[in-house]
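What follows is data_14.cif (mmCIF, C-alpha atoms).
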```cif
data_model
loop_
_atom_site.label_atom_id
_atom_site.label_comp_id
_atom_site.auth_asym_id
_atom_site.auth_seq_id
_atom_site.Cartn_x
_atom_site.Cartn_y
_atom_site.Cartn_z
CA MET A 416 25.09 16.48 1.62
CA ASN A 417 25.40 19.68 3.65
CA ASN A 418 24.04 20.44 7.12
CA ARG A 419 21.15 22.53 5.78
CA TRP A 420 20.02 19.62 3.63
CA LEU A 421 20.25 17.24 6.60
CA LYS A 422 18.21 19.53 8.84
CA ARG A 423 15.32 19.40 6.40
CA LEU A 424 15.01 15.59 6.55
CA ASP A 425 12.19 14.05 8.57
CA PHE A 426 14.28 11.60 10.60
CA PRO A 427 11.38 9.95 12.50
CA LEU A 428 9.82 9.10 9.12
CA ILE A 429 13.14 7.78 7.77
CA ILE A 430 13.86 5.70 10.89
CA ALA A 431 10.35 4.19 10.88
CA ALA A 432 10.53 3.29 7.18
CA LEU A 433 14.04 1.83 7.43
CA GLY A 434 13.04 -0.09 10.57
CA ILE A 435 10.15 -1.72 8.72
CA ILE A 436 12.33 -2.56 5.70
CA ILE A 437 15.05 -4.14 7.89
CA MET A 438 12.44 -6.10 9.81
CA SER A 439 10.96 -7.18 6.47
CA LEU A 440 14.26 -8.61 5.25
CA VAL A 441 14.71 -10.58 8.48
CA ILE A 442 11.19 -12.02 8.39
CA ILE A 443 11.30 -12.78 4.64
CA GLY A 444 14.58 -14.63 5.27
CA SER A 445 12.96 -16.67 8.02
CA ALA A 446 9.77 -17.34 6.06
CA THR A 447 11.48 -18.53 2.87
CA HIS A 448 14.76 -20.14 3.86
CA ILE A 449 13.33 -23.61 4.35
CA ASN A 450 11.79 -23.69 0.87
CA ASP A 451 15.00 -23.28 -1.12
CA GLU A 452 18.15 -25.19 -1.83
CA SER A 453 21.11 -23.97 0.21
CA SER A 454 22.59 -22.10 -2.77
CA GLN A 455 19.32 -20.17 -3.20
CA ARG A 456 18.35 -20.03 0.46
CA PHE A 457 18.33 -16.25 0.78
CA TRP A 458 17.42 -15.40 -2.82
CA TYR A 459 14.23 -13.64 -1.76
CA VAL A 460 16.08 -11.56 0.83
CA GLN A 461 18.85 -10.63 -1.60
CA ARG A 462 16.39 -9.60 -4.30
CA GLN A 463 14.21 -7.57 -1.92
CA GLY A 464 17.30 -6.01 -0.33
CA ILE A 465 18.79 -5.01 -3.69
CA PHE A 466 15.58 -3.32 -4.82
CA ALA A 467 15.25 -1.61 -1.43
CA VAL A 468 18.74 -0.13 -1.70
CA VAL A 469 18.21 0.95 -5.31
CA ASN A 470 14.87 2.58 -4.51
CA ILE A 471 16.22 4.36 -1.44
CA ALA A 472 19.12 5.71 -3.52
CA VAL A 473 16.66 6.94 -6.16
CA VAL A 474 14.54 8.62 -3.47
CA PHE A 475 17.49 10.55 -2.06
CA PHE A 476 18.21 11.73 -5.58
CA LEU A 477 14.60 12.71 -6.30
CA ILE A 478 14.01 14.68 -3.09
CA ASN A 479 16.39 17.32 -4.46
CA PHE A 480 13.62 18.22 -6.94
CA ASP A 481 10.65 20.28 -5.83
CA TYR A 482 7.54 18.08 -5.66
CA LYS A 483 5.45 21.03 -6.91
CA MET A 484 6.71 20.41 -10.43
CA LEU A 485 4.59 17.23 -10.45
CA GLN A 486 1.45 19.34 -10.43
CA ARG A 487 1.90 20.52 -14.00
CA TYR A 488 2.18 16.89 -15.15
CA GLY A 489 -1.00 15.71 -13.41
CA ASN A 490 -2.97 15.04 -16.59
CA ALA A 491 -0.02 13.40 -18.32
CA LEU A 492 0.51 11.08 -15.34
CA TYR A 493 -3.19 10.23 -15.35
CA ILE A 494 -3.07 9.24 -19.04
CA PHE A 495 0.13 7.26 -18.44
CA ASN A 496 -1.66 5.49 -15.60
CA LEU A 497 -4.52 4.46 -17.87
CA VAL A 498 -2.10 3.28 -20.58
CA LEU A 499 -0.25 1.21 -17.99
CA LEU A 500 -3.45 -0.47 -16.80
CA LEU A 501 -4.65 -1.07 -20.37
CA ALA A 502 -1.28 -2.65 -21.16
CA VAL A 503 -1.96 -5.23 -18.45
CA MET A 504 -5.22 -6.18 -20.17
CA LEU A 505 -3.52 -6.48 -23.55
CA PHE A 506 -0.08 -7.87 -22.73
CA GLY A 507 -0.18 -9.00 -19.11
CA HIS A 508 0.14 -12.59 -18.00
CA SER A 509 -2.20 -14.44 -15.67
CA ALA A 510 -1.62 -16.21 -12.39
CA LEU A 511 -4.04 -17.56 -9.79
CA GLY A 512 -6.99 -16.60 -11.97
CA ALA A 513 -6.05 -12.94 -12.37
CA GLN A 514 -4.27 -10.95 -15.06
CA ARG A 515 -2.29 -8.34 -13.11
CA TRP A 516 1.36 -8.65 -14.11
CA ILE A 517 3.71 -7.62 -16.91
CA GLN A 518 6.98 -9.44 -17.48
CA LEU A 519 10.03 -7.27 -18.23
CA GLY A 520 12.95 -9.64 -18.62
CA PRO A 521 13.61 -11.27 -15.23
CA ILE A 522 11.37 -8.78 -13.40
CA THR A 523 7.63 -9.27 -12.92
CA LEU A 524 5.86 -5.95 -12.36
CA GLN A 525 2.34 -5.29 -11.10
CA PRO A 526 1.26 -1.97 -12.67
CA SER A 527 -1.74 -1.61 -10.34
CA GLU A 528 0.73 -1.04 -7.49
CA PHE A 529 2.33 1.93 -9.27
CA SER A 530 -1.16 3.07 -10.25
CA LYS A 531 -1.91 3.95 -6.62
CA LEU A 532 0.84 6.56 -6.44
CA LEU A 533 0.05 7.86 -9.92
CA ILE A 534 -3.61 8.43 -9.02
CA ILE A 535 -2.59 10.24 -5.82
CA VAL A 536 -0.41 12.69 -7.76
CA SER A 537 -2.90 13.25 -10.61
CA LEU A 538 -5.91 13.52 -8.27
CA ALA A 539 -4.06 16.03 -6.06
CA ALA A 540 -3.39 18.18 -9.13
CA MET A 541 -7.07 17.99 -10.10
CA LEU A 542 -8.44 18.67 -6.61
CA GLU A 543 -6.32 21.72 -5.82
CA ASP A 544 -8.70 23.97 -7.77
CA LYS A 545 -11.72 22.32 -6.17
CA ILE A 546 -10.84 22.83 -2.51
CA GLY A 547 -13.91 24.07 -0.67
CA LYS A 548 -16.07 23.64 -3.79
CA LEU A 549 -17.30 20.05 -3.35
CA GLU A 550 -20.74 20.93 -2.03
CA THR A 551 -23.13 18.94 -4.23
CA ILE A 552 -23.27 15.62 -6.05
CA TYR A 553 -22.69 17.52 -9.30
CA ASP A 554 -19.44 18.95 -7.90
CA LEU A 555 -18.27 15.53 -6.76
CA PHE A 556 -19.24 13.56 -9.86
CA PRO A 557 -16.26 14.65 -12.07
CA VAL A 558 -13.84 13.70 -9.27
CA ALA A 559 -15.52 10.33 -8.77
CA ALA A 560 -15.41 9.67 -12.53
CA TYR A 561 -11.74 10.66 -12.61
CA VAL A 562 -10.91 7.97 -10.05
CA GLY A 563 -13.58 5.61 -11.35
CA VAL A 564 -11.90 4.87 -14.69
CA PRO A 565 -8.64 3.41 -13.26
CA PHE A 566 -10.75 1.85 -10.47
CA LEU A 567 -12.76 -0.12 -13.04
CA LEU A 568 -9.66 -1.08 -15.02
CA VAL A 569 -8.13 -2.59 -11.87
CA MET A 570 -11.41 -4.33 -11.01
CA LYS A 571 -11.33 -5.88 -14.49
CA GLN A 572 -8.03 -7.68 -13.77
CA PRO A 573 -9.70 -8.62 -11.27
CA ASP A 574 -8.05 -7.05 -8.21
CA LEU A 575 -10.64 -6.11 -5.60
CA GLY A 576 -8.01 -5.30 -2.96
CA THR A 577 -6.24 -2.63 -5.00
CA SER A 578 -9.60 -1.24 -6.15
CA LEU A 579 -10.55 -0.71 -2.51
CA VAL A 580 -7.26 1.13 -1.97
CA PHE A 581 -8.33 3.55 -4.74
CA PHE A 582 -11.57 4.11 -2.87
CA ALA A 583 -9.71 4.81 0.40
CA ILE A 584 -7.43 7.30 -1.39
CA PHE A 585 -10.47 8.99 -2.95
CA LEU A 586 -12.24 9.36 0.41
CA GLY A 587 -9.16 10.68 2.19
CA MET A 588 -8.35 13.25 -0.47
CA ILE A 589 -11.87 14.61 -0.97
CA PHE A 590 -12.15 14.93 2.82
CA ALA A 591 -8.93 16.99 2.81
CA ALA A 592 -10.36 19.05 -0.06
CA GLY A 593 -13.29 20.05 2.13
CA VAL A 594 -16.11 17.92 0.75
CA ASN A 595 -19.55 18.56 2.22
CA ILE A 596 -19.72 16.09 5.14
CA LYS A 597 -23.49 15.71 4.83
CA LEU A 598 -23.00 14.74 1.18
CA LEU A 599 -20.34 12.22 2.19
CA PHE A 600 -22.61 10.56 4.75
CA SER A 601 -25.48 10.52 2.27
CA LEU A 602 -23.31 8.73 -0.29
CA PHE A 603 -22.16 6.32 2.40
CA GLY A 604 -25.79 5.52 3.18
CA VAL A 605 -26.52 4.91 -0.50
CA GLY A 606 -23.47 2.66 -0.70
CA VAL A 607 -24.60 0.56 2.27
CA ALA A 608 -28.13 0.31 0.85
CA SER A 609 -26.80 -0.84 -2.53
CA MET A 610 -24.60 -3.61 -1.14
CA PRO A 611 -27.12 -6.35 -2.03
CA LEU A 612 -26.91 -5.18 -5.65
CA LEU A 613 -23.10 -5.02 -5.57
CA TRP A 614 -23.04 -8.62 -4.40
CA HIS A 615 -24.13 -9.71 -7.88
CA VAL A 616 -21.21 -7.80 -9.45
CA LEU A 617 -18.57 -9.66 -7.47
CA LYS A 618 -16.70 -12.64 -8.92
CA ASP A 619 -17.42 -16.06 -7.42
CA TYR A 620 -14.06 -16.21 -5.65
CA GLN A 621 -14.69 -12.76 -4.14
CA LYS A 622 -18.08 -13.88 -2.82
CA THR A 623 -16.42 -16.97 -1.37
CA ARG A 624 -13.83 -14.83 0.43
CA ILE A 625 -16.57 -12.82 2.11
CA MET A 626 -18.46 -15.96 3.17
CA VAL A 627 -15.25 -17.50 4.48
CA PHE A 628 -14.47 -14.29 6.37
CA LEU A 629 -17.78 -14.71 8.22
CA ASP A 630 -17.05 -18.39 8.93
CA PRO A 631 -13.66 -19.86 7.85
CA ASN A 632 -14.81 -23.33 8.89
CA ILE A 633 -17.25 -23.62 6.00
CA ASP A 634 -14.23 -24.45 3.82
CA PRO A 635 -11.33 -25.24 6.21
CA LEU A 636 -9.18 -26.96 3.58
CA GLY A 637 -9.97 -24.48 0.79
CA SER A 638 -10.77 -20.78 0.98
CA GLY A 639 -10.80 -20.75 4.79
CA TYR A 640 -7.39 -22.39 5.08
CA HIS A 641 -5.39 -19.14 4.94
CA ILE A 642 -7.31 -17.48 7.75
CA ILE A 643 -7.33 -20.55 9.99
CA GLN A 644 -3.57 -21.13 9.65
CA SER A 645 -2.83 -17.42 10.11
CA LYS A 646 -4.81 -17.26 13.36
CA ILE A 647 -3.10 -20.42 14.60
CA ALA A 648 0.33 -18.94 13.79
CA ILE A 649 -0.31 -15.61 15.52
CA GLY A 650 -1.95 -17.23 18.56
CA SER A 651 0.85 -19.77 19.03
CA GLY A 652 3.45 -16.99 19.19
CA MET A 653 2.03 -15.74 22.49
CA LEU A 654 4.05 -12.96 24.18
CA PHE A 655 7.62 -13.36 22.88
CA GLY A 656 7.19 -15.77 19.97
CA LYS A 657 8.89 -19.04 19.11
CA GLY A 658 12.01 -17.34 17.76
CA LEU A 659 13.29 -16.64 14.26
CA PHE A 660 13.34 -19.72 11.98
CA GLU A 661 11.37 -21.61 14.65
CA GLY A 662 7.77 -20.94 13.65
CA THR A 663 6.16 -24.29 12.87
CA GLN A 664 3.23 -22.96 10.83
CA SER A 665 5.59 -21.00 8.58
CA GLN A 666 8.60 -23.30 8.50
CA LEU A 667 6.53 -26.42 7.80
CA ASN A 668 4.58 -24.64 5.03
CA PHE A 669 1.21 -24.76 6.76
CA LEU A 670 0.90 -20.97 6.35
CA PRO A 671 0.44 -20.01 2.66
CA GLU A 672 1.90 -16.79 1.22
CA ASN A 673 3.98 -16.41 4.37
CA HIS A 674 6.45 -13.96 2.80
CA THR A 675 3.86 -11.85 0.97
CA ASP A 676 0.25 -11.27 2.07
CA PHE A 677 0.51 -13.18 5.36
CA ILE A 678 3.92 -11.98 6.52
CA PHE A 679 2.37 -10.39 9.64
CA ALA A 680 1.37 -13.89 10.78
CA VAL A 681 5.04 -14.91 10.64
CA VAL A 682 5.91 -11.91 12.82
CA GLY A 683 3.23 -12.99 15.31
CA GLU A 684 4.41 -16.60 15.43
CA GLU A 685 8.15 -16.01 15.60
CA LEU A 686 8.36 -12.68 17.47
CA GLY A 687 5.10 -12.85 19.40
CA PHE A 688 2.93 -10.04 20.67
CA VAL A 689 6.03 -7.95 21.41
CA GLY A 690 7.25 -8.20 17.80
CA CYS A 691 3.80 -7.36 16.42
CA ALA A 692 3.47 -4.39 18.78
CA PHE A 693 6.90 -3.09 17.75
CA LEU A 694 6.05 -3.36 14.05
CA LEU A 695 2.71 -1.61 14.55
CA LEU A 696 4.52 1.12 16.51
CA LEU A 697 6.76 1.72 13.50
CA TYR A 698 3.67 2.00 11.30
CA LEU A 699 2.10 4.40 13.80
CA VAL A 700 5.17 6.65 13.55
CA LEU A 701 5.11 6.39 9.76
CA LEU A 702 1.44 7.35 9.56
CA TRP A 703 1.74 10.08 12.19
CA GLN A 704 4.55 11.70 10.25
CA GLY A 705 2.44 11.45 7.11
CA VAL A 706 -0.45 13.28 8.79
CA LYS A 707 1.98 15.79 10.29
CA THR A 708 3.41 16.42 6.82
CA ALA A 709 -0.10 17.06 5.48
CA ILE A 710 -0.84 19.55 8.26
CA GLU A 711 2.43 21.41 7.82
CA ALA A 712 2.60 21.38 4.00
CA SER A 713 3.33 24.77 2.50
CA ASP A 714 0.66 24.46 -0.23
CA ASN A 715 -2.61 22.67 -0.95
CA PHE A 716 -1.07 20.37 -3.54
CA GLY A 717 1.45 19.09 -1.00
CA LYS A 718 -1.29 18.71 1.61
CA LEU A 719 -3.41 16.62 -0.75
CA LEU A 720 -0.42 14.47 -1.74
CA ALA A 721 0.43 13.75 1.91
CA VAL A 722 -3.20 12.90 2.74
CA GLY A 723 -3.45 10.58 -0.27
CA ILE A 724 -0.25 8.74 0.68
CA SER A 725 -1.25 8.50 4.34
CA SER A 726 -4.70 7.15 3.35
CA MET A 727 -3.10 4.54 1.11
CA LEU A 728 -0.64 3.35 3.76
CA ALA A 729 -3.22 3.37 6.57
CA PHE A 730 -5.69 1.33 4.52
CA HIS A 731 -3.00 -1.21 3.61
CA VAL A 732 -1.97 -1.71 7.22
CA LEU A 733 -5.56 -1.86 8.50
CA VAL A 734 -6.73 -4.40 5.93
CA ASN A 735 -3.61 -6.59 5.86
CA VAL A 736 -3.27 -6.88 9.63
CA GLY A 737 -7.03 -7.33 9.98
CA MET A 738 -6.93 -10.03 7.31
CA THR A 739 -4.26 -12.06 9.11
CA LEU A 740 -6.19 -11.73 12.40
CA GLY A 741 -9.41 -12.89 10.74
CA ILE A 742 -11.31 -9.63 11.27
CA MET A 743 -11.09 -8.56 7.61
CA PRO A 744 -11.80 -10.54 4.42
CA VAL A 745 -8.78 -11.90 2.53
CA THR A 746 -8.15 -9.37 -0.25
CA GLY A 747 -4.49 -9.86 -1.22
CA ILE A 748 -3.37 -6.41 -0.03
CA PRO A 749 0.35 -6.45 0.90
CA LEU A 750 1.74 -5.00 4.12
CA PRO A 751 3.62 -1.78 3.15
CA LEU A 752 7.43 -2.09 3.11
CA MET A 753 7.12 -5.56 4.70
CA SER A 754 5.58 -7.95 2.15
CA TYR A 755 7.86 -9.38 -0.51
CA GLY A 756 7.32 -7.86 -3.94
CA VAL A 757 9.23 -5.46 -6.18
CA SER A 758 6.24 -3.39 -7.32
CA SER A 759 4.79 -2.91 -3.85
CA LEU A 760 8.19 -2.11 -2.32
CA THR A 761 9.02 0.43 -5.03
CA THR A 762 5.64 2.16 -4.75
CA ASN A 763 5.82 2.48 -0.98
CA ILE A 764 9.42 3.69 -0.87
CA MET A 765 8.59 6.30 -3.50
CA ALA A 766 5.56 7.33 -1.44
CA VAL A 767 7.74 7.81 1.64
CA GLY A 768 10.21 9.76 -0.51
CA LEU A 769 7.39 12.05 -1.63
CA LEU A 770 6.45 12.69 2.02
CA LEU A 771 10.10 13.58 2.73
CA ASN A 772 10.09 15.96 -0.24
CA ILE A 773 6.96 17.74 1.00
CA GLN A 774 8.30 18.03 4.53
CA MET A 775 11.61 19.43 3.29
CA ARG A 776 9.91 22.16 1.23
CA LYS A 777 7.88 23.16 4.28
CA GLN A 778 11.12 23.86 6.10
CA ARG A 779 12.93 25.53 3.20
CA SER A 780 12.29 29.09 4.35
CA MET A 781 13.90 28.30 7.67
CA PHE A 782 17.28 27.59 6.11
CA GLU A 783 17.45 29.67 2.95
#
```

For the file at hand, write its structure as structure tokens.
Amino acid sequence: MNNRWLKRLDFPLIIAALGIIIMSLVIIGSATHINDESSQRFWYVQRQGIFAVVNIAVVFFLINFDYKMLQRYGNALYIFNLVLLLAVMLFGHSALGAQRWIQLGPITLQPSEFSKLLIIVSLAAMLEDKIGKLETIYDLFPVAAYVGVPFLLVMKQPDLGTSLVFFAIFLGMIFAAGVNIKLLFSLFGVGVASMPLLWHVLKDYQKTRIMVFLDPNIDPLGSGYHIIQSKIAIGSGMLFGKGLFEGTQSQLNFLPENHTDFIFAVVGEELGFVGCAFLLLLYLVLLWQGVKTAIEASDNFGKLLAVGISSMLAFHVLVNVGMTLGIMPVTGIPLPLMSYGVSSLTTNIMAVGLLLNIQMRKQRSMFE
């Protein structure tokens, strides 16, 4: 690794991402240690740490390749994405009423997580030729259909949370491509007006989540339990928290999914407002660098990629944190680089690696 190579790296982005991953390992260790036998006490941390190291090593290998080569494989990646999602329907196994996972030996993968990054790359390749040309509904329809097919396949699993991430990516990227703003607001108005109709499309458990979001106390021991316990955990942490391994809601198993979807609640209980603020600051740096990468990208493909990744990460943080605070419905969206899970961790590290790649190519002319 020579000095020229080092100068191209976006160190604020790297530091923010590594800070979140390190914080994740600490909190996962605290959230899970009480549930296991002593010999397996830190199994979750070890597994997450191993995959983090492997993925980071892969990223530093991949950033040596020009991201622009991905553009020529946009259609192939799109087809691969559809095959991956169809494979879940045919060969996936079910858990908690959803069929979202594929078992590969000892590893359980969630293809819909990888699908997010695949759709960003393939959609960026498609949109590059449409920049400034999305003026009418007829211009926008092919793009919407392009995203709509994997969107519906994920909804079929069912996975409403990931489907909404697709929608956020779509909005962010067509905005960057210069969509007619009046058209966008018109479609938004149609979407709001059609919500009563969409209600009948939702699964029963999805309807329940929305009702519980409006009033968790209608089912305090069922669907509202997660939100109630999460708010108790965060509130009880106050300014500095109860300390690592000392959070009663998490350690006594009152808080469900404390190492995955509700890991932010563990941060709030054990590290308090200060710990939450620090974590959100790291995310702010991560997202700011993503936007900065989009602005400074040397080509439209790179700009669209950076916007898609930033939209994905921003939506994840907004919904997950809002969910744990009780201001967003429970959707099962993980907190990027924090929540336990191989598929989510891999996708987000690769996304950060892609941002690094784009930023490096922007600076290439300065050093070559």

Picked residues, the PyMOL selection byres ((chain A and resi 528-539) around 7), as a compact mmCIF listing (two decimals) with C-alpha atoms, in the frame of the given file:
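Result went into selection26.txt, see below:
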```txt
# COMPACT_ATOMS: atom_id res chain seq x y z
CA GLY A 489 -1.00 15.71 -13.41
CA ASN A 490 -2.97 15.04 -16.59
CA LEU A 492 0.51 11.08 -15.34
CA TYR A 493 -3.19 10.23 -15.35
CA ASN A 496 -1.66 5.49 -15.60
CA GLN A 525 2.34 -5.29 -11.10
CA PRO A 526 1.26 -1.97 -12.67
CA SER A 527 -1.74 -1.61 -10.34
CA ALA A 540 -3.39 18.18 -9.13
CA MET A 541 -7.07 17.99 -10.10
CA LEU A 542 -8.44 18.67 -6.61
CA GLU A 543 -6.32 21.72 -5.82
CA PHE A 581 -8.33 3.55 -4.74
CA PHE A 716 -1.07 20.37 -3.54
CA LEU A 719 -3.41 16.62 -0.75
CA LEU A 720 -0.42 14.47 -1.74
CA GLY A 723 -3.45 10.58 -0.27
CA SER A 758 6.24 -3.39 -7.32
CA SER A 759 4.79 -2.91 -3.85
CA THR A 762 5.64 2.16 -4.75
CA ALA A 766 5.56 7.33 -1.44
```

Could I get the residues of segment 654-707 of chain A with an atom no further than 10 Å from an atom of segment 772-777 of chain A, each paired with its nearest atom pair and that distance in Å to one decimal, using all atoms listed in the file, sorted by chain and residue number, as a tab-separated table?
```
residue	atom	partner	partner_atom	distance
A:Gln704	CA	A:Gln774	CA	9.3
A:Gly705	CA	A:Gln774	CA	9.2
A:Lys707	CA	A:Gln774	CA	8.8
```

Convert the current residue selection to file output with C-alpha atoms, as an mmCIF file, in the coordinates of the input.
```cif
data_model
loop_
_atom_site.group_PDB
_atom_site.id
_atom_site.type_symbol
_atom_site.label_atom_id
_atom_site.label_comp_id
_atom_site.auth_asym_id
_atom_site.auth_seq_id
_atom_site.Cartn_x
_atom_site.Cartn_y
_atom_site.Cartn_z
ATOM 1 C CA GLN A 704 4.550 11.700 10.250
ATOM 2 C CA GLY A 705 2.440 11.450 7.110
ATOM 3 C CA LYS A 707 1.980 15.790 10.290
#
```

Report the residues retrieved by the PyMOL selection byres ((chain A and resi 744) around 6) from the displayed file, expressed as a PyMOL selection string.
chain A and resi 625+628+738+743+745

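Each of A:Asn470, A:Gln644, A:Gln463, A:Gln518 was compared to Val441 of chain A using all atoms listed in the file, and A:Gln463 turns out to be the nearest.
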
Result set, the PyMOL selection byres ((chain A and resi 549) around 12) on current file, as JSON, numbers by chain
{"A": [542, 543, 544, 545, 546, 547, 548, 550, 551, 552, 553, 554, 555, 556, 557, 558, 559, 588, 589, 590, 591, 592, 593, 594, 595, 596, 597, 598, 599]}
